[in-house]
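Student: I'd like to ask some things about the structure below.
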Amino acid sequence: MATTLTFLGGARTVTGSKYLLTIDPPDGAPDRPGAGPRRILVDCGLFQGMKKLRRANWAPFPVDPASIDDVLLTHAHMDHTGYLPRLVKHGFRGSIWGTDATQALTEIVLRDSAYLQERDADFANEHGFSRHEKALPLYRIGDVAKTLPLMRSVEFHRPLDLGDGIEATWYRAGHILGSASIRVTTPDGAVLFSGDLGRTTHPVLRSREIPPGADVALIESTYGDREHIEPASPHEAFAAAVRRTVSLGGSVLVPAFAVDRTEVVLAALDLMAAEGRIPPVPVYVDSPMALRSLEIYRAPSQAGELRDAAQLRLPHLHLTQLRTVEESKRLNALGTPAIIISASGMATGGRVLHHLARMLPDPRNCVVLTGYQAVGTRGRSLADGAQSLKLLGMEVGVRAKVVRDEEFSVHADASELEDWARGLSPAPSRIFCVHGEPDSASALAAALRSRLGLDAAVASPGQTITIAQG
């Protein structure tokens, strides 16, 4: 009998997280229907960013999706769940396991993803700027409808028996609502998947916890080569940008991830308003997905994960929620300054593209980037000082001011990642750095080797390792 782990995504990149456990049946085990190895996929994310990565979403899956028994989800972000409908489209019929909040948020993420892909394909065909004879979506809303009934709920700390001596347990990761690290035990040893680890100072969620150790651990490395700044006056770059832009008569556009980032940005703006650091200015959330996410964060059933449930009532903001396309279009006629929060956070799609096309040419306006911008995304181009941006099939000049507020990150920094690894008991025999660009993953692996004495390495795409105890 042997258990192997294959890195199908999230290796030397921050997107497309997919880790395949293959567990051979023990020698002498009785035959069962469809006898063969058990296959468990941990996360099922979409590749995002550079064209080379996005094309990987269209490649045949490395194993027959019908042969996968279960999918275990660490959290609901697109780079961890966005490939699920494609997997189902090509034959997966097993169970998809995640916390209650992960289930609820994943439904929002997948429905929105399918809608945007269908809409963008239609837009490309209508305006003739697809390079293909006919632009097609990766999957459709019908594929999402077939995916959602496969989802099953788990509780933190309660082991899930997957059969054949395989067990999985979820531990709070403090990254977004419902996020978890997952520890999987097999007859050959235990594997710990960190998922995306939150900051110990997450402004909305309770802090992450450190699970029991394992024979092999995977640790995210998004910020494995840097430390987050803790300024005396939080988010002053953002507040100053609002003050300046309003004084010029312009508006502030905030591309924000619909899940968690919008909640964190709203909480920060509410605090700025309460402290008088920004002028009274209307705030528009133009993202149905973000608004549905906010409802889930505010649900009484999720209060146990929050630092302070009252924080998200946002009493100091003049908040307007925009759900329909018609409501979104009315922003084009705004004659007064405003703050507009819209998805997606890296400007890879969504309503924010239309706002960028309208607002970037005006030097009175400002774009505030509040999250990680992957290589190859429009957000990364703006962060790197691009003079123009391709939007909706046309080249748009960038004259608006672009500001980065890196204090919003809810990914652990290098020290916090190291502290998490240090707390694992027993220490893993091997630890692999995943979910990071090559430089950040390599830096974290080097730190884990030199400071903690761990056998640390950077995982490679397609790499397979064997799991063995101790």
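Chain labels run A, B, ... following the order of the structure tokens; each chain numbers its residues from 1, and ligands are numbered from 1 in the order shown.
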Can you tell me, as a list in words, what residues are no more than 7 Å from Thr102 of chain A when counting only C-alpha atoms, ignoring any on the same chain fewer than 4 positions away?
Tutor: His75, Ala76, Gly98, Thr106, Gly178 and Ser179 of chain A
Student: Would you mind writing down, as a PyMOL selection string, each residue of segment 123-235 of chain A that DSSP on the backbone assigns to helix (DSSP H, G or I)?
Tutor: chain A and resi 123-127+141-150
Student: Which of these residues is nearest to Val216 of chain A, using only C-alpha atoms: A:Val191, A:Val403, A:Leu392, A:Leu5?
Tutor: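 When distances to Val216 of chain A are compared using only C-alpha atoms, the smallest one comes from A:Val191.
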Student: Which one is closest to Pro25 of chain A: A:Ala347, A:Leu452, A:Ile166, A:Val254? Count only C-alpha atoms.
Tutor: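 When distances to Pro25 of chain A are compared using only C-alpha atoms, the smallest one comes from A:Ile166.
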Student: Which residue is closest to His228 of chain A? Choose from A:Arg199, A:Glu126, A:Arg292, A:Arg38 and count only C-alpha atoms.
Tutor: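 Of A:Arg199, A:Glu126, A:Arg292, A:Arg38, the one nearest His228 of chain A is A:Arg199, counting only C-alpha atoms.
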Student: Give me, please, the distance in Å between atom CA of Phe257 of chain A and atom CA of Ser17 of chain A, quoted to one decimal.
Tutor: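 Value for the atom CA of Phe257 of chain A-atom CA of Ser17 of chain A distance: 17.4 Å.
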Student: Can you pull out every residue within 8 Å of Phe238 of chain A, counting only C-alpha atoms, but drop anything in the same chain fewer than 2 positions away, and send it as a PyMOL selection string?
Tutor: chain A and resi 235-236+240-242+368+403-405
Student: Using atom CA of Arg351 of chain A and atom CA of Asp286 of chain A as the two end points, give the distance in Å to one decimal.
Tutor: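 Rounded to one decimal, the two atoms are 7.4 Å apart.
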Student: If you count only C-alpha atoms, which residues fall within 10 Å of Trp58 of chain A, apart from same-chain ones fewer than 2 positions away, as a short mmCIF file (atom, residue, chain, number, x, y, z; two decimals) with C-alpha atoms, in the first residue's frame?
Tutor:
data_model
loop_
_atom_site.label_atom_id
_atom_site.label_comp_id
_atom_site.auth_asym_id
_atom_site.auth_seq_id
_atom_site.Cartn_x
_atom_site.Cartn_y
_atom_site.Cartn_z
CA PHE A 47 -5.71 29.42 -12.44
CA LEU A 53 -1.85 30.02 -16.46
CA ARG A 54 -5.38 30.75 -17.65
CA ARG A 55 -4.90 28.35 -20.57
CA ALA A 56 -4.15 25.60 -18.05
CA PRO A 60 -7.57 17.94 -19.72
CA PHE A 61 -7.53 17.13 -16.01
CA ARG A 86 -15.42 22.13 -14.72
CA LEU A 138 -15.03 27.53 -19.24
#
Student: With only C-alpha atoms counted and 9 Å as the cut-off, give the residues of segment 194-245 of chain A in contact with segment 409-419 of chain A, each with its shortest interatomic distance in Å and the pair that gives it, as JSON lines.
Tutor:
{"residue": "A:Asp196", "atom": "CA", "partner": "A:His411", "partner_atom": "CA", "distance": 6.7}
{"residue": "A:Leu197", "atom": "CA", "partner": "A:Ala412", "partner_atom": "CA", "distance": 5.7}
{"residue": "A:Gly198", "atom": "CA", "partner": "A:His411", "partner_atom": "CA", "distance": 4.8}
{"residue": "A:Arg199", "atom": "CA", "partner": "A:Ala412", "partner_atom": "CA", "distance": 4.6}
{"residue": "A:Thr200", "atom": "CA", "partner": "A:Ala412", "partner_atom": "CA", "distance": 7.6}
{"residue": "A:Thr201", "atom": "CA", "partner": "A:Val410", "partner_atom": "CA", "distance": 8.6}
{"residue": "A:His202", "atom": "CA", "partner": "A:Val410", "partner_atom": "CA", "distance": 6.3}
{"residue": "A:Pro203", "atom": "CA", "partner": "A:Val410", "partner_atom": "CA", "distance": 8.7}
{"residue": "A:Ile219", "atom": "CA", "partner": "A:Leu417", "partner_atom": "CA", "distance": 7.8}
{"residue": "A:Glu220", "atom": "CA", "partner": "A:Leu417", "partner_atom": "CA", "distance": 7.9}
{"residue": "A:Ser221", "atom": "CA", "partner": "A:Leu417", "partner_atom": "CA", "distance": 7.6}
{"residue": "A:Thr222", "atom": "CA", "partner": "A:His411", "partner_atom": "CA", "distance": 7.0}
{"residue": "A:Tyr223", "atom": "CA", "partner": "A:Asp413", "partner_atom": "CA", "distance": 5.0}
{"residue": "A:Gly224", "atom": "CA", "partner": "A:Ala414", "partner_atom": "CA", "distance": 4.5}
{"residue": "A:Asp225", "atom": "CA", "partner": "A:Ala414", "partner_atom": "CA", "distance": 5.9}
{"residue": "A:Arg226", "atom": "CA", "partner": "A:Ala414", "partner_atom": "CA", "distance": 5.6}
{"residue": "A:Glu227", "atom": "CA", "partner": "A:Asp413", "partner_atom": "CA", "distance": 5.2}
{"residue": "A:His228", "atom": "CA", "partner": "A:Asp413", "partner_atom": "CA", "distance": 6.1}
Student: Export N, CA and C atoms of the chosen residues as a PDB file, in the first residue's frame?
Tutor:
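Result went into again_36.pdb, see below:
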ATOM      1  N   ASP A 196      -5.023  28.934   3.059  1.00  0.00           N
ATOM      2  CA  ASP A 196      -4.511  30.299   3.166  1.00  0.00           C
ATOM      3  C   ASP A 196      -4.606  30.722   4.622  1.00  0.00           C
ATOM      4  N   LEU A 197      -3.485  31.106   5.201  1.00  0.00           N
ATOM      5  CA  LEU A 197      -3.436  31.463   6.616  1.00  0.00           C
ATOM      6  C   LEU A 197      -3.658  32.957   6.798  1.00  0.00           C
ATOM      7  N   GLY A 198      -4.549  33.302   7.718  1.00  0.00           N
ATOM      8  CA  GLY A 198      -4.835  34.697   7.988  1.00  0.00           C
ATOM      9  C   GLY A 198      -3.822  35.322   8.922  1.00  0.00           C
ATOM     10  N   ARG A 199      -3.940  36.618   9.062  1.00  0.00           N
ATOM     11  CA  ARG A 199      -3.084  37.354   9.982  1.00  0.00           C
ATOM     12  C   ARG A 199      -3.597  37.178  11.407  1.00  0.00           C
ATOM     13  N   THR A 200      -2.685  37.236  12.357  1.00  0.00           N
ATOM     14  CA  THR A 200      -3.104  37.175  13.757  1.00  0.00           C
ATOM     15  C   THR A 200      -3.868  38.437  14.137  1.00  0.00           C
ATOM     16  N   THR A 201      -3.748  39.480  13.306  1.00  0.00           N
ATOM     17  CA  THR A 201      -4.434  40.749  13.562  1.00  0.00           C
ATOM     18  C   THR A 201      -5.560  40.996  12.565  1.00  0.00           C
ATOM     19  N   HIS A 202      -6.157  39.931  12.015  1.00  0.00           N
ATOM     20  CA  HIS A 202      -7.264  40.117  11.068  1.00  0.00           C
ATOM     21  C   HIS A 202      -8.296  41.045  11.707  1.00  0.00           C
ATOM     22  N   PRO A 203      -8.698  42.105  11.003  1.00  0.00           N
ATOM     23  CA  PRO A 203      -9.569  43.102  11.627  1.00  0.00           C
ATOM     24  C   PRO A 203     -10.998  42.648  11.881  1.00  0.00           C
ATOM     25  N   ILE A 219       2.491  24.479   3.295  1.00  0.00           N
ATOM     26  CA  ILE A 219       2.289  25.797   3.872  1.00  0.00           C
ATOM     27  C   ILE A 219       2.235  26.838   2.765  1.00  0.00           C
ATOM     28  N   GLU A 220       1.234  27.696   2.815  1.00  0.00           N
ATOM     29  CA  GLU A 220       1.136  28.749   1.804  1.00  0.00           C
ATOM     30  C   GLU A 220       2.292  29.730   1.968  1.00  0.00           C
ATOM     31  N   SER A 221       2.647  30.426   0.882  1.00  0.00           N
ATOM     32  CA  SER A 221       3.822  31.309   0.919  1.00  0.00           C
ATOM     33  C   SER A 221       3.584  32.597   0.145  1.00  0.00           C
ATOM     34  N   THR A 222       2.324  33.056   0.108  1.00  0.00           N
ATOM     35  CA  THR A 222       2.002  34.267  -0.644  1.00  0.00           C
ATOM     36  C   THR A 222       2.942  35.407  -0.281  1.00  0.00           C
ATOM     37  N   TYR A 223       3.140  35.610   1.018  1.00  0.00           N
ATOM     38  CA  TYR A 223       4.036  36.670   1.496  1.00  0.00           C
ATOM     39  C   TYR A 223       5.219  36.068   2.250  1.00  0.00           C
ATOM     40  N   GLY A 224       5.763  34.995   1.699  1.00  0.00           N
ATOM     41  CA  GLY A 224       6.864  34.307   2.360  1.00  0.00           C
ATOM     42  C   GLY A 224       8.175  35.049   2.350  1.00  0.00           C
ATOM     43  N   ASP A 225       8.241  36.167   1.603  1.00  0.00           N
ATOM     44  CA  ASP A 225       9.502  36.913   1.519  1.00  0.00           C
ATOM     45  C   ASP A 225       9.375  38.339   2.036  1.00  0.00           C
ATOM     46  N   ARG A 226       8.320  38.638   2.812  1.00  0.00           N
ATOM     47  CA  ARG A 226       8.164  40.021   3.283  1.00  0.00           C
ATOM     48  C   ARG A 226       7.351  40.086   4.573  1.00  0.00           C
ATOM     49  N   GLU A 227       7.476  41.230   5.229  1.00  0.00           N
ATOM     50  CA  GLU A 227       6.741  41.503   6.460  1.00  0.00           C
ATOM     51  C   GLU A 227       5.712  42.598   6.201  1.00  0.00           C
ATOM     52  N   HIS A 228       4.565  42.483   6.846  1.00  0.00           N
ATOM     53  CA  HIS A 228       3.564  43.531   6.730  1.00  0.00           C
ATOM     54  C   HIS A 228       3.943  44.715   7.618  1.00  0.00           C
TER      55      HIS A 228
END
Student: Report the residues of segment 292-382 of chain A whose backbone DSSP state falls under strand (DSSP E), written as a PyMOL selection string.
Tutor: chain A and resi 319-322+339-342+366-369
Student: List the neighbours of Ala217 of chain A out to 7 Å using only C-alpha atoms; skip same-chain residues closer than 2 positions along the sequence, and give me the result as a ChimeraX atom specification.
Tutor: /A:191-193,214-215,219,428,430-432
Student: Would you write out those residues with C-alpha atoms, as a short mmCIF file (atom, residue, chain, number, x, y, z; two decimals), in the first residue's frame?
Tutor:
data_model
loop_
_atom_site.label_atom_id
_atom_site.label_comp_id
_atom_site.auth_asym_id
_atom_site.auth_seq_id
_atom_site.Cartn_x
_atom_site.Cartn_y
_atom_site.Cartn_z
CA VAL A 191 -0.75 15.32 5.65
CA LEU A 192 -1.52 18.87 6.78
CA PHE A 193 -2.73 21.47 4.28
CA ALA A 214 1.71 15.77 10.47
CA ASP A 215 4.26 13.68 8.58
CA ILE A 219 2.29 25.80 3.87
CA PRO A 428 6.67 17.56 10.02
CA ARG A 430 8.89 17.38 5.25
CA ILE A 431 7.22 20.69 4.55
CA PHE A 432 6.43 22.08 1.10
#
